[in-house]
Amino acid sequence: MAEHQVDQAGGVVLCEDGLMRPPWAARDPLLREYYDTEWGMPVHDEAGLFERLVLEGFQSGLSWLTILRKRPAFREAFAGFSPDAVAEFGDTDVARLMADARIVRNQRKIDAAVGNARAAIALRAEGGLGELIWSYRPESTPEPRTMADVPSRSPESEALARELKREGFSFVGPVTVFALMEAIGVVDTHLVESHRRGCSGVWTREVAP
């Protein structure tokens, strides 16, 4: 989720519940809930990773809040993000999705989702999508104090994007892949003073001096 591209310079915001959050998570109740309960928490299962990969692709050029509001409709339209089900989608399904005003109707992104489901299935013979993505966990994670400190890509996201493309995935550029890595806890880009810093258990919480 690359929402920090909007709120580039802000540090943590003290919210009315007394908790510190980044600006993007403080401005809308749905974003706050997502931030407090899901964003940055580890995801390893194939369906969960496939969902997030597809949604990150659909988010390109849009706000994450738009995608989050449409997420229930996306789940219904894409068969709960089962790679096996989506991989079987044909022209009739694509036409159905293009006619569904509840989701983002972009044929290139829809075609990419179907292709990515097939690529995810093919990856099972090599250990699966989760093993591949998590193998690019870096040795250290950023320690941003403001949103301006949060990178939008990394050497690992660039390398993973290249590998995903080699495996047949599309809409997986290094910025999209880094947003995925943030969302599933491969890296921790919670601001250092946020109440969610270190929540994933993957990375220890740094103590601010």
# chains A, B, ... in the order shown; residues from 1 in each chain; ligands from 1
call {"tool": "residues_around", "arguments": {"residues": "Glu33 (chain A)", "least_positions_apart": "5", "cutoff": "12 Å", "atoms": "only C-alpha atoms", "output": "list of chain:residue names"}}
result
A:Arg21, A:Trp24, A:Ala25, A:Ala26, A:Arg27, A:Asp28, A:Glu38, A:Trp39, A:Leu65, A:Leu68, A:Arg196
call {"tool": "residues_around", "arguments": {"residues": "Ser82 (chain A)", "least_positions_apart": "3", "cutoff": "12 Å", "atoms": "only C-alpha atoms", "output": "VMD selection string"}}
result
chain A and resid 45 to 52 54 74 to 79 85 to 89 113 to 114 116 to 118 120 to 121
call {"tool": "residues_around", "arguments": {"residues": "Glu156 (chain A)", "least_positions_apart": "3", "cutoff": "10 Å", "atoms": "only C-alpha atoms", "output": "MDAnalysis selection string"}}
result
chainID A and resid 133 135:138 153 159:162 174 177:178 181
call {"tool": "select_by_dssp", "arguments": {"residues": "region 16-139 of chain A", "states": "alpha helix (DSSP H)", "output": "ChimeraX atom specification"}}
result
/A:23-26,29-37,46-59,64-77,83-87,91-98,107-123,129-134
call {"tool": "write_last_selection", "arguments": {"atoms": "C-alpha atoms", "output": "mmCIF file, in the first residue's frame"}}
result
data_model
loop_
_atom_site.group_PDB
_atom_site.id
_atom_site.type_symbol
_atom_site.label_atom_id
_atom_site.label_comp_id
_atom_site.auth_asym_id
_atom_site.auth_seq_id
_atom_site.Cartn_x
_atom_site.Cartn_y
_atom_site.Cartn_z
ATOM 1 C CA PRO A 23 -1.013 10.680 8.680
ATOM 2 C CA TRP A 24 -2.548 8.311 6.127
ATOM 3 C CA ALA A 25 -3.965 6.046 8.845
ATOM 4 C CA ALA A 26 -5.346 8.923 10.920
ATOM 5 C CA PRO A 29 -11.911 5.254 9.930
ATOM 6 C CA LEU A 30 -11.526 2.478 7.346
ATOM 7 C CA LEU A 31 -7.827 3.234 6.863
ATOM 8 C CA ARG A 32 -7.362 3.355 10.624
ATOM 9 C CA GLU A 33 -8.960 -0.055 11.090
ATOM 10 C CA TYR A 34 -6.839 -1.507 8.301
ATOM 11 C CA TYR A 35 -3.693 0.002 9.783
ATOM 12 C CA ASP A 36 -4.471 -1.140 13.333
ATOM 13 C CA THR A 37 -5.479 -4.698 12.507
ATOM 14 C CA GLU A 46 -1.051 -18.456 -0.981
ATOM 15 C CA ALA A 47 -4.595 -17.079 -1.191
ATOM 16 C CA GLY A 48 -3.794 -14.217 1.175
ATOM 17 C CA LEU A 49 -0.690 -13.281 -0.765
ATOM 18 C CA PHE A 50 -2.492 -13.584 -4.092
ATOM 19 C CA GLU A 51 -5.258 -11.265 -2.870
ATOM 20 C CA ARG A 52 -2.806 -8.620 -1.735
ATOM 21 C CA LEU A 53 -0.742 -8.902 -4.895
ATOM 22 C CA VAL A 54 -3.849 -8.443 -7.055
ATOM 23 C CA LEU A 55 -5.148 -5.527 -4.985
ATOM 24 C CA GLU A 56 -1.775 -3.780 -5.056
ATOM 25 C CA GLY A 57 -1.868 -4.094 -8.845
ATOM 26 C CA PHE A 58 -5.362 -2.622 -9.017
ATOM 27 C CA GLN A 59 -4.303 0.208 -6.688
ATOM 28 C CA TRP A 64 -5.556 2.714 -1.364
ATOM 29 C CA LEU A 65 -8.769 3.923 0.284
ATOM 30 C CA THR A 66 -10.575 3.419 -3.023
ATOM 31 C CA ILE A 67 -9.371 -0.190 -3.160
ATOM 32 C CA LEU A 68 -10.149 -0.813 0.492
ATOM 33 C CA ARG A 69 -13.734 0.363 0.037
ATOM 34 C CA LYS A 70 -14.120 -1.976 -2.932
ATOM 35 C CA ARG A 71 -12.380 -4.927 -1.291
ATOM 36 C CA PRO A 72 -15.540 -6.889 -0.382
ATOM 37 C CA ALA A 73 -16.729 -6.582 -3.975
ATOM 38 C CA PHE A 74 -13.306 -7.633 -5.274
ATOM 39 C CA ARG A 75 -13.419 -10.722 -3.054
ATOM 40 C CA GLU A 76 -16.826 -11.669 -4.396
ATOM 41 C CA ALA A 77 -15.924 -10.952 -8.002
ATOM 42 C CA PRO A 83 -5.817 -18.877 -7.422
ATOM 43 C CA ASP A 84 -7.310 -22.144 -8.663
ATOM 44 C CA ALA A 85 -10.676 -20.501 -9.339
ATOM 45 C CA VAL A 86 -9.285 -17.302 -10.884
ATOM 46 C CA ALA A 87 -6.908 -19.279 -13.099
ATOM 47 C CA ASP A 91 -13.566 -14.426 -21.690
ATOM 48 C CA THR A 92 -17.016 -14.638 -20.114
ATOM 49 C CA ASP A 93 -15.568 -13.960 -16.674
ATOM 50 C CA VAL A 94 -13.505 -11.043 -17.953
ATOM 51 C CA ALA A 95 -16.621 -9.573 -19.557
ATOM 52 C CA ARG A 96 -18.484 -10.048 -16.265
ATOM 53 C CA LEU A 97 -15.743 -8.241 -14.359
ATOM 54 C CA MET A 98 -15.594 -5.415 -16.890
ATOM 55 C CA GLN A 107 -9.019 -4.948 -18.514
ATOM 56 C CA ARG A 108 -5.225 -4.960 -18.331
ATOM 57 C CA LYS A 109 -5.400 -5.321 -14.555
ATOM 58 C CA ILE A 110 -8.115 -7.974 -14.780
ATOM 59 C CA ASP A 111 -6.087 -9.932 -17.326
ATOM 60 C CA ALA A 112 -3.049 -9.582 -15.060
ATOM 61 C CA ALA A 113 -4.990 -11.017 -12.119
ATOM 62 C CA VAL A 114 -5.949 -14.082 -14.143
ATOM 63 C CA GLY A 115 -2.407 -14.516 -15.413
ATOM 64 C CA ASN A 116 -1.008 -14.060 -11.921
ATOM 65 C CA ALA A 117 -3.312 -16.787 -10.596
ATOM 66 C CA ARG A 118 -1.897 -19.171 -13.176
ATOM 67 C CA ALA A 119 1.650 -18.089 -12.323
ATOM 68 C CA ALA A 120 0.977 -18.652 -8.611
ATOM 69 C CA ILE A 121 -0.212 -22.193 -9.328
ATOM 70 C CA ALA A 122 2.879 -22.890 -11.436
ATOM 71 C CA LEU A 123 5.071 -21.700 -8.561
ATOM 72 C CA LEU A 129 4.366 -17.883 -3.755
ATOM 73 C CA GLY A 130 4.937 -17.432 -0.040
ATOM 74 C CA GLU A 131 8.353 -19.053 -0.072
ATOM 75 C CA LEU A 132 9.427 -16.898 -3.009
ATOM 76 C CA ILE A 133 8.228 -13.586 -1.575
ATOM 77 C CA TRP A 134 9.571 -14.180 1.926
#
call {"tool": "closest_residue", "arguments": {"among": "A:Ser200, A:Ser170, A:Asn106, A:Ser152", "to": "Val186 (chain A)", "atoms": "only C-alpha atoms"}}
result
A:Ser200
call {"tool": "decode", "arguments": {"residues": "region 112-125 of chain A", "atoms": "C-alpha atoms", "output": "PDB file, in the first residue's frame"}}
result
ATOM      1  CA  ALA A 112      -3.049  -9.582 -15.060  1.00  0.00           C
ATOM      2  CA  ALA A 113      -4.990 -11.017 -12.119  1.00  0.00           C
ATOM      3  CA  VAL A 114      -5.949 -14.082 -14.143  1.00  0.00           C
ATOM      4  CA  GLY A 115      -2.407 -14.516 -15.413  1.00  0.00           C
ATOM      5  CA  ASN A 116      -1.008 -14.060 -11.921  1.00  0.00           C
ATOM      6  CA  ALA A 117      -3.312 -16.787 -10.596  1.00  0.00           C
ATOM      7  CA  ARG A 118      -1.897 -19.171 -13.176  1.00  0.00           C
ATOM      8  CA  ALA A 119       1.650 -18.089 -12.323  1.00  0.00           C
ATOM      9  CA  ALA A 120       0.977 -18.652  -8.611  1.00  0.00           C
ATOM     10  CA  ILE A 121      -0.212 -22.193  -9.328  1.00  0.00           C
ATOM     11  CA  ALA A 122       2.879 -22.890 -11.436  1.00  0.00           C
ATOM     12  CA  LEU A 123       5.071 -21.700  -8.561  1.00  0.00           C
ATOM     13  CA  ARG A 124       3.799 -24.490  -6.310  1.00  0.00           C
ATOM     14  CA  ALA A 125       6.284 -26.848  -7.901  1.00  0.00           C
TER      15      ALA A 125
END
